[in-house]
$ cat target-v4.cif   # mmCIF, C-alpha atoms and all ligand atoms
data_target
loop_
_atom_site.label_atom_id
_atom_site.label_comp_id
_atom_site.auth_asym_id
_atom_site.auth_seq_id
_atom_site.Cartn_x
_atom_site.Cartn_y
_atom_site.Cartn_z
CA MET J 29 113.24 25.21 -61.32
CA PRO J 30 114.85 21.80 -61.77
CA ILE J 31 117.01 22.41 -64.86
CA LEU J 32 119.17 25.51 -64.36
CA PRO J 33 117.91 28.50 -66.37
CA ARG J 34 121.53 29.27 -67.32
CA ALA J 35 121.91 25.77 -68.78
CA LEU J 36 118.89 26.47 -70.98
CA GLU J 37 120.33 29.84 -72.04
CA LEU J 38 123.59 28.15 -73.04
CA HIS J 39 121.86 25.28 -74.85
CA GLY J 40 122.38 26.83 -78.30
CA ASP J 41 126.07 27.60 -77.74
CA LEU J 42 126.70 24.16 -76.30
CA THR J 43 124.88 22.46 -79.16
CA GLN J 44 127.24 24.23 -81.58
CA ILE J 45 130.26 23.05 -79.60
CA ARG J 46 128.90 19.49 -79.49
CA ARG J 47 128.31 19.38 -83.23
CA ASP J 48 131.71 20.90 -83.96
CA ILE J 49 133.38 18.16 -81.89
CA HIS J 50 131.17 15.55 -83.58
CA ALA J 51 132.30 16.77 -87.00
CA HIS J 52 135.99 16.50 -85.98
CA PRO J 53 136.34 13.19 -84.17
CA GLU J 54 139.78 12.11 -82.97
CA LEU J 55 141.09 8.71 -81.89
CA ALA J 56 142.71 7.67 -78.62
CA PHE J 57 145.65 9.87 -77.51
CA ALA J 58 145.32 11.90 -80.73
CA GLU J 59 142.54 14.22 -79.51
CA GLN J 60 144.66 17.28 -80.32
CA ARG J 61 142.02 19.55 -81.78
CA THR J 62 139.50 18.55 -79.14
CA SER J 63 142.07 19.08 -76.39
CA ASP J 64 142.95 22.53 -77.80
CA LEU J 65 139.27 23.45 -77.97
CA VAL J 66 138.63 22.27 -74.39
CA ALA J 67 141.68 24.11 -73.03
CA ALA J 68 140.74 27.34 -74.85
CA LYS J 69 137.15 27.24 -73.59
CA LEU J 70 138.20 26.50 -70.00
CA ALA J 71 140.63 29.45 -70.06
CA GLU J 72 137.96 31.69 -71.59
CA TYR J 73 135.54 30.72 -68.78
CA GLY J 74 138.14 31.55 -66.11
CA CYS J 75 139.47 28.13 -65.09
CA GLU J 76 143.12 27.32 -64.35
CA VAL J 77 144.12 24.99 -67.18
CA HIS J 78 146.58 22.10 -66.94
CA ARG J 79 147.57 20.13 -70.02
CA GLY J 80 149.75 17.18 -70.88
CA LEU J 81 148.56 14.34 -68.63
CA ALA J 82 148.16 11.27 -70.87
CA LYS J 83 149.29 13.37 -73.87
CA THR J 84 146.02 15.11 -74.67
CA GLY J 85 144.37 15.16 -71.25
CA VAL J 86 143.16 18.51 -69.91
CA VAL J 87 142.23 19.45 -66.35
CA GLY J 88 140.43 22.70 -65.63
CA THR J 89 140.23 23.90 -62.03
CA LEU J 90 138.03 26.40 -60.21
CA ARG J 91 138.80 27.30 -56.61
CA ARG J 92 137.01 29.43 -54.10
CA GLY J 93 137.62 30.04 -50.40
CA ASN J 94 139.97 28.16 -48.11
CA SER J 95 138.25 24.79 -47.99
CA LEU J 96 140.48 21.89 -49.03
CA ARG J 97 137.52 19.86 -50.18
CA ALA J 98 137.61 19.01 -53.89
CA VAL J 99 135.51 17.17 -56.43
CA GLY J 100 136.47 15.74 -59.83
CA LEU J 101 134.03 15.68 -62.74
CA ARG J 102 135.16 13.63 -65.70
CA ALA J 103 134.44 13.50 -69.43
CA ASP J 104 136.06 11.45 -72.20
CA MET J 105 137.08 13.00 -75.53
CA ASP J 106 137.95 10.19 -77.95
CA CYS J 107 135.99 8.74 -80.87
CA LEU J 108 135.81 5.28 -82.43
CA PRO J 109 137.58 3.92 -85.52
CA MET J 110 134.45 3.47 -87.61
CA GLN J 111 132.78 5.04 -90.63
CA GLU J 112 129.82 7.26 -89.82
CA LEU J 113 126.67 6.57 -91.86
CA ASN J 114 124.72 9.71 -90.93
CA SER J 115 123.97 12.45 -93.43
CA PHE J 116 123.23 15.48 -91.23
CA ALA J 117 125.28 18.68 -91.44
CA HIS J 118 127.57 17.84 -88.51
CA VAL J 119 128.54 14.40 -89.84
CA SER J 120 132.18 13.36 -89.29
CA THR J 121 134.59 15.09 -91.65
CA HIS J 122 137.17 12.31 -91.10
CA ASP J 123 136.97 8.99 -92.93
CA GLY J 124 136.94 6.04 -90.58
CA ARG J 125 136.49 8.06 -87.40
CA MET J 126 133.25 8.73 -85.59
CA HIS J 127 131.82 9.89 -82.28
CA ALA J 128 129.55 6.85 -81.96
CA CYS J 129 129.69 6.68 -78.17
CA GLY J 130 128.57 10.23 -77.42
CA HIS J 131 131.86 11.38 -75.92
CA ASP J 132 131.33 14.60 -77.90
CA GLY J 133 128.30 15.15 -75.65
CA HIS J 134 130.19 14.28 -72.45
CA THR J 135 132.94 16.79 -73.29
CA THR J 136 130.40 19.48 -74.16
CA MET J 137 128.33 19.04 -71.00
CA LEU J 138 131.41 19.24 -68.79
CA LEU J 139 132.44 22.47 -70.58
CA GLY J 140 128.94 23.82 -69.95
CA ALA J 141 129.20 22.97 -66.25
CA ALA J 142 132.63 24.66 -66.05
CA ARG J 143 131.22 27.79 -67.61
CA ILE J 144 128.29 28.03 -65.19
CA LEU J 145 130.34 27.18 -62.09
CA ALA J 146 132.91 29.81 -63.15
CA GLU J 147 130.13 32.38 -63.41
CA THR J 148 128.29 31.54 -60.20
CA ARG J 149 131.10 30.23 -57.93
CA ASN J 150 128.51 29.11 -55.47
CA PHE J 151 130.86 26.72 -53.67
CA GLU J 152 133.83 26.54 -51.31
CA GLY J 153 136.73 24.33 -52.32
CA ALA J 154 137.90 23.14 -55.72
CA VAL J 155 136.21 21.66 -58.76
CA HIS J 156 138.48 19.76 -61.15
CA PHE J 157 137.12 19.25 -64.66
CA ILE J 158 138.91 16.16 -65.94
CA PHE J 159 138.91 15.66 -69.73
CA GLN J 160 140.56 12.36 -70.52
CA PRO J 161 141.74 10.80 -73.77
CA ALA J 162 141.36 7.24 -74.94
CA GLU J 163 138.38 5.75 -73.15
CA GLU J 164 137.71 3.33 -76.01
CA GLY J 165 140.30 0.70 -75.20
CA GLY J 166 143.38 2.84 -74.57
CA GLY J 167 142.78 3.32 -70.85
CA GLY J 168 143.45 7.07 -70.94
CA GLY J 169 141.95 7.46 -67.47
CA LYS J 170 144.47 4.99 -66.08
CA VAL J 171 147.32 6.80 -67.83
CA MET J 172 146.22 10.11 -66.27
CA ILE J 173 146.21 8.46 -62.82
CA ASP J 174 149.63 6.87 -63.45
CA GLU J 175 150.97 10.27 -64.45
CA GLY J 176 149.81 11.85 -61.21
CA LEU J 177 146.23 13.02 -61.73
CA PHE J 178 145.19 12.67 -58.10
CA GLU J 179 148.51 13.92 -56.69
CA LYS J 180 148.29 17.08 -58.78
CA PHE J 181 144.52 17.38 -58.35
CA PRO J 182 143.46 15.73 -55.10
CA CYS J 183 139.76 14.81 -55.20
CA ASP J 184 137.50 13.65 -52.37
CA GLY J 185 135.11 12.24 -54.94
CA VAL J 186 134.89 11.65 -58.70
CA PHE J 187 131.80 11.53 -60.88
CA ALA J 188 130.95 10.91 -64.52
CA MET J 189 127.95 10.40 -66.73
CA HIS J 190 127.53 8.25 -69.80
CA ASN J 191 124.77 9.00 -72.28
CA MET J 192 122.39 6.09 -72.63
CA PRO J 193 119.91 5.44 -75.42
CA ASP J 194 116.57 3.90 -74.41
CA ILE J 195 116.49 5.99 -71.23
CA PRO J 196 114.25 9.02 -71.92
CA VAL J 197 115.82 12.48 -72.11
CA GLY J 198 115.46 14.17 -68.72
CA HIS J 199 115.93 10.87 -66.89
CA ILE J 200 119.02 9.66 -65.04
CA GLY J 201 119.92 6.11 -64.05
CA ALA J 202 122.00 5.32 -60.97
CA ARG J 203 122.96 2.25 -59.02
CA PRO J 204 125.10 1.40 -55.99
CA GLY J 205 127.83 -1.16 -56.64
CA PRO J 206 128.78 -2.61 -60.02
CA LEU J 207 127.51 -0.63 -63.02
CA LEU J 208 129.68 -2.10 -65.77
CA ALA J 209 131.72 -5.26 -66.18
CA SER J 210 135.40 -5.97 -66.55
CA SER J 211 136.53 -6.82 -70.06
CA ASP J 212 139.39 -9.29 -70.31
CA ARG J 213 140.75 -11.35 -73.17
CA PHE J 214 142.43 -14.69 -73.21
CA ASP J 215 144.31 -16.92 -75.61
CA ILE J 216 144.80 -20.59 -74.94
CA ARG J 217 147.42 -22.35 -77.03
CA ILE J 218 146.99 -26.09 -77.01
CA LYS J 219 149.54 -28.51 -78.33
CA GLY J 220 147.80 -31.81 -79.05
CA TYR J 221 144.03 -32.41 -79.20
CA GLY J 222 142.11 -29.53 -77.74
CA THR J 223 138.47 -29.05 -78.52
CA GLN J 224 137.24 -30.60 -75.26
CA ILE J 225 138.59 -27.56 -73.51
CA THR J 226 136.10 -25.17 -75.04
CA LEU J 227 133.25 -27.21 -73.58
CA ALA J 228 134.89 -27.40 -70.20
CA LEU J 229 135.46 -23.63 -70.12
CA GLN J 230 131.72 -23.04 -70.09
CA THR J 231 131.55 -24.72 -66.72
CA ILE J 232 133.39 -21.79 -65.14
CA VAL J 233 130.23 -19.75 -65.30
CA SER J 234 127.73 -22.57 -64.88
CA ARG J 235 129.35 -24.41 -61.99
CA ASN J 236 131.81 -22.22 -60.17
CA MET J 237 129.80 -19.13 -59.57
CA ASP J 238 126.99 -17.82 -57.52
CA PRO J 239 124.28 -17.04 -60.11
CA ILE J 240 123.90 -13.47 -58.80
CA ASP J 241 127.53 -12.86 -59.69
CA ASN J 242 126.75 -12.59 -63.35
CA ALA J 243 129.74 -13.28 -65.53
CA ILE J 244 130.34 -14.31 -69.10
CA VAL J 245 133.09 -16.35 -70.68
CA THR J 246 132.79 -16.31 -74.46
CA ILE J 247 134.85 -18.24 -76.97
CA GLY J 248 135.39 -15.91 -79.91
CA PHE J 249 137.53 -18.05 -82.19
CA MET J 250 139.41 -21.29 -82.62
CA LYS J 251 142.27 -21.57 -85.04
CA GLY J 252 144.21 -24.63 -86.00
CA GLY J 253 145.16 -26.79 -88.93
CA SER J 254 145.17 -26.13 -92.63
CA ALA J 255 144.43 -29.45 -94.31
CA TYR J 256 141.36 -31.75 -94.39
CA ASN J 257 143.25 -34.91 -93.66
CA VAL J 258 145.78 -33.81 -91.06
CA ILE J 259 144.94 -33.46 -87.39
CA PRO J 260 146.42 -30.14 -86.32
CA ASP J 261 149.08 -30.29 -83.68
CA GLU J 262 148.25 -26.85 -82.36
CA LEU J 263 144.96 -25.15 -81.62
CA ILE J 264 144.49 -21.57 -80.44
CA ILE J 265 141.30 -20.64 -78.64
CA GLY J 266 140.57 -16.97 -78.05
CA GLY J 267 137.82 -15.36 -76.07
CA THR J 268 136.62 -12.73 -73.66
CA ALA J 269 135.63 -12.77 -70.02
CA ARG J 270 133.41 -10.28 -68.22
CA ALA J 271 132.60 -9.95 -64.54
CA PHE J 272 131.08 -7.40 -62.20
CA ARG J 273 133.19 -8.13 -59.13
CA PRO J 274 136.96 -8.34 -58.68
CA GLU J 275 136.64 -11.68 -56.81
CA VAL J 276 134.67 -13.17 -59.71
CA ARG J 277 137.22 -11.87 -62.16
CA ASP J 278 140.02 -13.51 -60.17
CA LEU J 279 138.04 -16.75 -60.08
CA ILE J 280 137.53 -16.74 -63.86
CA GLU J 281 141.22 -16.18 -64.50
CA ARG J 282 142.22 -18.94 -62.10
CA ARG J 283 139.64 -21.50 -63.31
CA LEU J 284 140.38 -20.75 -66.96
CA GLY J 285 144.01 -21.73 -66.42
CA GLU J 286 143.16 -24.77 -64.30
CA ILE J 287 140.56 -26.11 -66.72
CA ALA J 288 142.63 -25.52 -69.84
CA ARG J 289 145.74 -27.16 -68.38
CA GLY J 290 143.82 -29.94 -66.64
CA THR J 291 141.74 -30.87 -69.66
CA ALA J 292 144.73 -30.72 -71.97
CA ALA J 293 146.67 -33.02 -69.62
CA THR J 294 143.92 -35.68 -69.72
CA PHE J 295 144.34 -35.80 -73.50
CA GLY J 296 148.10 -35.89 -73.30
CA ALA J 297 148.29 -32.34 -74.58
CA THR J 298 149.63 -29.14 -73.04
CA ALA J 299 147.92 -25.76 -72.76
CA GLU J 300 149.45 -22.31 -72.33
CA VAL J 301 147.03 -19.65 -71.16
CA ASP J 302 147.60 -15.96 -71.74
CA TYR J 303 144.99 -14.01 -69.78
CA LYS J 304 145.06 -10.26 -70.53
CA ARG J 305 143.34 -7.98 -68.06
CA ASN J 306 141.74 -4.98 -69.67
CA TYR J 307 139.37 -2.60 -67.84
CA PRO J 308 138.28 -3.59 -64.34
CA PRO J 309 134.57 -3.58 -63.40
CA THR J 310 133.12 -0.10 -62.85
CA ILE J 311 131.91 -0.12 -59.26
CA ASN J 312 130.02 2.80 -57.79
CA ASP J 313 130.53 3.66 -54.15
CA ALA J 314 127.14 3.04 -52.51
CA THR J 315 127.12 6.32 -50.54
CA GLU J 316 128.25 8.43 -53.48
CA ALA J 317 125.83 6.72 -55.87
CA ALA J 318 122.95 7.51 -53.49
CA PHE J 319 124.19 11.08 -53.12
CA ALA J 320 124.44 11.50 -56.91
CA ALA J 321 120.95 10.01 -57.32
CA ASP J 322 119.63 12.60 -54.83
CA VAL J 323 121.19 15.37 -56.93
CA ALA J 324 119.71 13.80 -60.06
CA ALA J 325 116.28 13.80 -58.39
CA GLU J 326 116.69 17.49 -57.59
CA ILE J 327 117.29 18.19 -61.30
CA CYS J 328 114.98 15.66 -62.94
CA GLY J 329 112.38 14.93 -60.27
CA GLU J 330 112.32 11.71 -58.26
CA ALA J 331 110.08 9.95 -60.80
CA ALA J 332 112.71 10.41 -63.52
CA VAL J 333 115.52 8.82 -61.52
CA ASP J 334 116.04 5.08 -61.53
CA ARG J 335 118.10 4.36 -58.42
CA ASP J 336 118.68 0.70 -59.22
CA ILE J 337 119.30 0.60 -62.95
CA ARG J 338 120.42 -2.69 -64.48
CA PRO J 339 124.19 -3.03 -64.79
CA SER J 340 125.61 -3.25 -68.29
CA LEU J 341 128.00 -5.87 -69.66
CA GLY J 342 129.98 -3.11 -71.35
CA SER J 343 133.07 -1.69 -69.70
CA GLU J 344 134.56 1.72 -68.95
CA ASP J 345 137.92 3.06 -67.96
CA PHE J 346 136.24 5.37 -65.42
CA SER J 347 136.58 2.16 -63.40
CA TYR J 348 140.22 3.11 -62.72
CA LEU J 349 139.18 6.47 -61.28
CA LEU J 350 136.56 4.75 -59.12
CA ASN J 351 139.19 2.29 -57.89
CA ALA J 352 141.32 5.26 -56.83
CA ARG J 353 138.63 7.53 -55.34
CA PRO J 354 135.05 7.14 -54.11
CA GLY J 355 132.45 8.27 -56.61
CA ALA J 356 129.87 7.15 -59.13
CA MET J 357 129.03 6.99 -62.79
CA LEU J 358 125.44 7.54 -63.88
CA TRP J 359 123.49 7.04 -67.08
CA LEU J 360 122.10 10.17 -68.71
CA GLY J 361 118.97 9.49 -70.76
CA ASN J 362 119.60 10.05 -74.45
CA GLY J 363 116.18 8.98 -75.71
CA LYS J 364 115.50 6.72 -78.66
CA GLY J 365 118.46 6.71 -81.04
CA GLU J 366 117.87 7.32 -84.75
CA GLY J 367 115.98 4.23 -85.90
CA GLY J 368 116.44 2.81 -82.40
CA CYS J 369 120.20 2.64 -82.84
CA TYR J 370 122.58 2.14 -79.98
CA LEU J 371 126.05 3.20 -78.81
CA HIS J 372 128.85 2.18 -81.23
CA ASN J 373 126.38 2.14 -84.12
CA ALA J 374 127.37 3.90 -87.37
CA LYS J 375 124.17 5.99 -87.13
CA TYR J 376 124.46 6.95 -83.49
CA ASP J 377 124.42 10.61 -82.52
CA PHE J 378 124.44 12.17 -79.06
CA ASN J 379 121.06 13.79 -78.41
CA ASP J 380 121.58 17.53 -77.93
CA SER J 381 118.30 17.87 -76.07
CA ALA J 382 119.95 16.04 -73.14
CA ILE J 383 122.59 18.79 -72.70
CA PRO J 384 120.71 21.03 -70.20
CA THR J 385 119.95 18.08 -67.92
CA GLY J 386 123.54 16.87 -67.95
CA VAL J 387 125.00 20.34 -67.40
CA SER J 388 122.59 21.11 -64.54
CA PHE J 389 123.37 17.76 -62.93
CA PHE J 390 127.15 18.36 -63.01
CA VAL J 391 126.78 21.90 -61.61
CA ARG J 392 124.51 20.90 -58.72
CA LEU J 393 126.57 17.80 -58.01
CA ALA J 394 129.73 19.90 -57.55
CA GLU J 395 127.92 22.45 -55.36
CA ARG J 396 126.23 19.83 -53.20
CA PHE J 397 129.34 17.67 -52.89
CA LEU J 398 131.51 20.60 -51.75
CA ALA J 399 128.81 21.77 -49.30
CA ARG J 400 128.80 18.35 -47.62
CA GLU J 401 130.82 17.81 -44.44
CA ALA J 402 132.48 14.70 -45.81
ZN ZN J 501 132.12 3.41 -76.25
ZN ZN J 502 131.62 5.69 -74.11
#

$ encode --input "target-v4.cif" --output "structure tokens" --more "lines below"
Ligand SMILES: [Zn+2]
Ligand SMILES: [Zn+2]
Amino acid sequence: MPILPRALELHGDLTQIRRDIHAHPELAFAEQRTSDLVAAKLAEYGCEVHRGLAKTGVVGTLRRGNSLRAVGLRADMDCLPMQELNSFAHVSTHDGRMHACGHDGHTTMLLGAARILAETRNFEGAVHFIFQPAEEGGGGGKVMIDEGLFEKFPCDGVFAMHNMPDIPVGHIGARPGPLLASSDRFDIRIKGYGTQITLALQTIVSRNMDPIDNAIVTIGFMKGGSAYNVIPDELIIGGTARAFRPEVRDLIERRLGEIARGTAATFGATAEVDYKRNYPPTINDATEAAFAADVAAEICGEAAVDRDIRPSLGSEDFSYLLNARPGAMLWLGNGKGEGGCYLHNAKYDFNDSAIPTGVSFFVRLAERFLAREA
């Protein structure tokens, strides 16, 4: 039996929880209702409950036996600041807030896994269920780490799933190495003539990089001047940079500064570069990604597991957890979105039929990880 029978029995209950969270979306660090709900459910299931990391973060813990081995399973709880355009019964009850990234589903599946693992306790060691705030830009995962997540809850490995439209329900995507990109922003303030710089910036990707080290430098805006007949004395260029490897990210930051300042100097202008690092690339540990893919194959069947899924140019703050501990993030198939719509779309909705697969995967992953020698 690949999907756990208990996960199928709980499918109705979990669907209700998922839709309740969907109807009450909360923004970064303000996930109070969601956090209360998560803490209450974890306590009801029999977990130790710890609250307060990163304001609304919750960690549930199950322990059994004397083994010191521990695994962390992570879900994110926040929504996006956008207006939902769906019309079903569980549509957002809050104007301008919406679960358009399926974090309602992530939270629900991790609750389901906690419930089953609390019932069966078929493991030795500790399972930490990490519910973090503020994935969408606020870096809630990083704040939890900074506030002592892994000192309070030592983990030998950390794992997470993200729901993914266009992958069929019942399928899981894995990959060793980079899964998602870094997402940085930059502003270049040029005093004097400046437009040559935007052309030169494109050469960072085209000339300074190995083509397999995919990276993107995008100019998002240029601002300067306010009259037709006056050459502006200041130009501001803003953009984003994405990379899959830390070395490439360092290279982009360095070359961006060199090119902007160098090009400005040739025109007798000056350039100030403000490069703001946001989320780092999300890089799966090769061993843990292969291990997680094996567990996925046990649940879904080998044919439904893609072990070398294409990386995405999106970004994730699970990257901070993976920089701190070995582990992996996987894609959970969410099927075709309504009208083919994608994550962060005003019509997106997590697909409840994916719940039993995700719950079964988390449960088996914890059991198998804790049963391993190291
Ligand atoms: Zn998102
Ligand atoms: Zn997300």

$ closest_residue --input "target-v4.cif" --among "J:Cys129, J:Ala324, J:Ala141, J:Ala154" --to "ligand ZN 501 (chain J)" --atoms "all atoms listed in the file"
J:Cys129

$ residues_around --input "target-v4.cif" --residues "Asp334 (chain J)" --least-positions-apart "6" --cutoff "7 Å" --atoms "only C-alpha atoms" --output "number ranges by chain"
J: 200-202

$ residues_around --input "target-v4.cif" --residues "Pro193 (chain J)" --least-positions-apart "2" --cutoff "9 Å" --atoms "all atoms listed in the file" --output "PDB file with C-alpha atoms, in the coordinates of the input"
ATOM      1  CA  ASN J 191     124.770   9.000 -72.280  1.00  0.00           C
ATOM      2  CA  ILE J 195     116.490   5.990 -71.230  1.00  0.00           C
ATOM      3  CA  PRO J 196     114.250   9.020 -71.920  1.00  0.00           C
ATOM      4  CA  VAL J 197     115.820  12.480 -72.110  1.00  0.00           C
ATOM      5  CA  LEU J 360     122.100  10.170 -68.710  1.00  0.00           C
ATOM      6  CA  GLY J 361     118.970   9.490 -70.760  1.00  0.00           C
ATOM      7  CA  ASN J 362     119.600  10.050 -74.450  1.00  0.00           C
ATOM      8  CA  GLY J 363     116.180   8.980 -75.710  1.00  0.00           C
ATOM      9  CA  LYS J 364     115.500   6.720 -78.660  1.00  0.00           C
ATOM     10  CA  GLY J 365     118.460   6.710 -81.040  1.00  0.00           C
ATOM     11  CA  GLY J 368     116.440   2.810 -82.400  1.00  0.00           C
ATOM     12  CA  CYS J 369     120.200   2.640 -82.840  1.00  0.00           C
ATOM     13  CA  TYR J 370     122.580   2.140 -79.980  1.00  0.00           C
ATOM     14  CA  LEU J 371     126.050   3.200 -78.810  1.00  0.00           C
ATOM     15  CA  PHE J 378     124.440  12.170 -79.060  1.00  0.00           C
ATOM     16  CA  ASN J 379     121.060  13.790 -78.410  1.00  0.00           C
TER      17      ASN J 379
END

$ closest_residue --input "target-v4.cif" --among "J:Ala299, J:Cys75, J:Ala103, J:Ala243" --to "Glu275 (chain J)" --atoms "only C-alpha atoms"
J:Ala243

$ atom_distance --input "target-v4.cif" --atom1 "CA of His372 (chain J)" --atom2 "CA of Leu65 (chain J)"
23.9 Å

$ residues_near_point --input "target-v4.cif" --point "(133.0, 28.3, -62.9)" --cutoff "7 Å" --atoms "all atoms listed in the file" --output "list in words"
Tyr73, Gly74, Cys75, Leu90, Ala142, Arg143, Ile144, Leu145, Ala146, Glu147, Thr148 and Arg149 of chain J

$ residues_around --input "target-v4.cif" --residues "Gly355 (chain J)" --least-positions-apart "6" --cutoff "7 Å" --atoms "all atoms listed in the file" --output "PyMOL selection string"
chain J and resi 185-187+312-313+316-317

$ closest_residue --input "target-v4.cif" --among "J:Gly285, J:Pro339, J:Gly165, J:Gly296" --to "ligand ZN 501 (chain J)" --atoms "only C-alpha atoms and all ligand atoms"
J:Gly165

$ residues_near_ligand --input "target-v4.cif" --ligand "ligand ZN 501 (chain J)" --cutoff "9 Å" --atoms "all atoms listed in the file" --output "ChimeraX atom specification"
/J:107-108,127-131,163-165,342-344,371-372

$ closest_residue --input "target-v4.cif" --among "J:Asn373, J:Asn94, J:Asn306, J:Ser340" --to "Lys170 (chain J)" --atoms "all atoms listed in the file"
J:Asn306

$ closest_residue --input "target-v4.cif" --among "J:Ala332, J:Ala162, J:Ala320, J:Leu177" --to "ligand ZN 502 (chain J)" --atoms "only C-alpha atoms and all ligand atoms"
J:Ala162

$ closest_residue --input "target-v4.cif" --among "J:Leu284, J:Ile265, J:Met357, J:Ala58" --to "Met192 (chain J)" --atoms "all atoms listed in the file"
J:Met357

$ atom_distance --input "target-v4.cif" --atom1 "CA of Leu96 (chain J)" --atom2 "CA of Arg400 (chain J)"
12.3 Å

$ atom_distance --input "target-v4.cif" --atom1 "CA of Thr310 (chain J)" --atom2 "CA of Ala269 (chain J)"
14.8 Å

$ residues_around --input "target-v4.cif" --residues "Gly329 (chain J)" --least-positions-apart "6" --cutoff "12 Å" --atoms "all atoms listed in the file" --output "list in words"
Met29, Pro30, Ile31, Gly198, His199, Ile200, Ala321, Asp322, Val323, Thr385 and Phe389 of chain J

$ residues_near_point --input "target-v4.cif" --point "(146.6, 13.3, -76.3)" --cutoff "9 Å" --atoms "all atoms listed in the file" --output "PyMOL selection string"
chain J and resi 56-60+63+80-86+160-162+168

$ write_last_selection --input "target-v4.cif" --atoms "C-alpha atoms" --output "compact mmCIF listing (two decimals), keeping the file's coordinate frame"
# COMPACT_ATOMS: atom_id res chain seq x y z
CA ALA J 56 142.71 7.67 -78.62
CA PHE J 57 145.65 9.87 -77.51
CA ALA J 58 145.32 11.90 -80.73
CA GLU J 59 142.54 14.22 -79.51
CA GLN J 60 144.66 17.28 -80.32
CA SER J 63 142.07 19.08 -76.39
CA GLY J 80 149.75 17.18 -70.88
CA LEU J 81 148.56 14.34 -68.63
CA ALA J 82 148.16 11.27 -70.87
CA LYS J 83 149.29 13.37 -73.87
CA THR J 84 146.02 15.11 -74.67
CA GLY J 85 144.37 15.16 -71.25
CA VAL J 86 143.16 18.51 -69.91
CA GLN J 160 140.56 12.36 -70.52
CA PRO J 161 141.74 10.80 -73.77
CA ALA J 162 141.36 7.24 -74.94
CA GLY J 168 143.45 7.07 -70.94

$ residues_around --input "target-v4.cif" --residues "region 119-124 of chain J" --least-positions-apart "5" --cutoff "8 Å" --atoms "all atoms listed in the file" --output "VMD selection string"
chain J and resid 50 to 53 109 to 112 114

$ build_atoms --input "target-v4.cif" --residues "region 341-351 of chain J" --atoms "N, CA, C and O atoms" --output "PDB file, in the coordinates of the input"
ATOM      1  N   LEU J 341     126.844  -5.009 -69.436  1.00  0.00           N
ATOM      2  CA  LEU J 341     128.000  -5.870 -69.660  1.00  0.00           C
ATOM      3  C   LEU J 341     129.114  -5.169 -70.430  1.00  0.00           C
ATOM      4  O   LEU J 341     130.144  -5.757 -70.706  1.00  0.00           O
ATOM      5  N   GLY J 342     128.894  -3.888 -70.754  1.00  0.00           N
ATOM      6  CA  GLY J 342     129.980  -3.110 -71.350  1.00  0.00           C
ATOM      7  C   GLY J 342     131.032  -2.816 -70.294  1.00  0.00           C
ATOM      8  O   GLY J 342     130.935  -3.276 -69.152  1.00  0.00           O
ATOM      9  N   SER J 343     132.059  -2.062 -70.680  1.00  0.00           N
ATOM     10  CA  SER J 343     133.070  -1.690 -69.700  1.00  0.00           C
ATOM     11  C   SER J 343     133.533  -0.267 -69.950  1.00  0.00           C
ATOM     12  O   SER J 343     133.256   0.311 -70.994  1.00  0.00           O
ATOM     13  N   GLU J 344     134.245   0.287 -68.998  1.00  0.00           N
ATOM     14  CA  GLU J 344     134.560   1.720 -68.950  1.00  0.00           C
ATOM     15  C   GLU J 344     135.882   1.912 -68.251  1.00  0.00           C
ATOM     16  O   GLU J 344     136.133   1.281 -67.225  1.00  0.00           O
ATOM     17  N   ASP J 345     136.683   2.848 -68.715  1.00  0.00           N
ATOM     18  CA  ASP J 345     137.920   3.060 -67.960  1.00  0.00           C
ATOM     19  C   ASP J 345     137.738   4.081 -66.840  1.00  0.00           C
ATOM     20  O   ASP J 345     138.683   4.364 -66.110  1.00  0.00           O
ATOM     21  N   PHE J 346     136.525   4.601 -66.640  1.00  0.00           N
ATOM     22  CA  PHE J 346     136.240   5.370 -65.420  1.00  0.00           C
ATOM     23  C   PHE J 346     136.401   4.456 -64.209  1.00  0.00           C
ATOM     24  O   PHE J 346     136.569   4.922 -63.082  1.00  0.00           O
ATOM     25  N   SER J 347     136.354   3.147 -64.458  1.00  0.00           N
ATOM     26  CA  SER J 347     136.580   2.160 -63.400  1.00  0.00           C
ATOM     27  C   SER J 347     137.900   2.426 -62.663  1.00  0.00           C
ATOM     28  O   SER J 347     137.968   2.267 -61.449  1.00  0.00           O
ATOM     29  N   TYR J 348     138.934   2.850 -63.381  1.00  0.00           N
ATOM     30  CA  TYR J 348     140.220   3.110 -62.720  1.00  0.00           C
ATOM     31  C   TYR J 348     140.110   4.294 -61.761  1.00  0.00           C
ATOM     32  O   TYR J 348     140.708   4.284 -60.686  1.00  0.00           O
ATOM     33  N   LEU J 349     139.350   5.315 -62.169  1.00  0.00           N
ATOM     34  CA  LEU J 349     139.180   6.470 -61.280  1.00  0.00           C
ATOM     35  C   LEU J 349     138.384   6.060 -60.042  1.00  0.00           C
ATOM     36  O   LEU J 349     138.682   6.484 -58.930  1.00  0.00           O
ATOM     37  N   LEU J 350     137.370   5.204 -60.260  1.00  0.00           N
ATOM     38  CA  LEU J 350     136.560   4.750 -59.120  1.00  0.00           C
ATOM     39  C   LEU J 350     137.329   3.790 -58.218  1.00  0.00           C
ATOM     40  O   LEU J 350     136.994   3.646 -57.046  1.00  0.00           O
ATOM     41  N   ASN J 351     138.339   3.126 -58.755  1.00  0.00           N
ATOM     42  CA  ASN J 351     139.190   2.290 -57.890  1.00  0.00           C
ATOM     43  C   ASN J 351     140.123   3.164 -57.051  1.00  0.00           C
ATOM     44  O   ASN J 351     140.599   2.729 -56.000  1.00  0.00           O
TER      45      ASN J 351
END
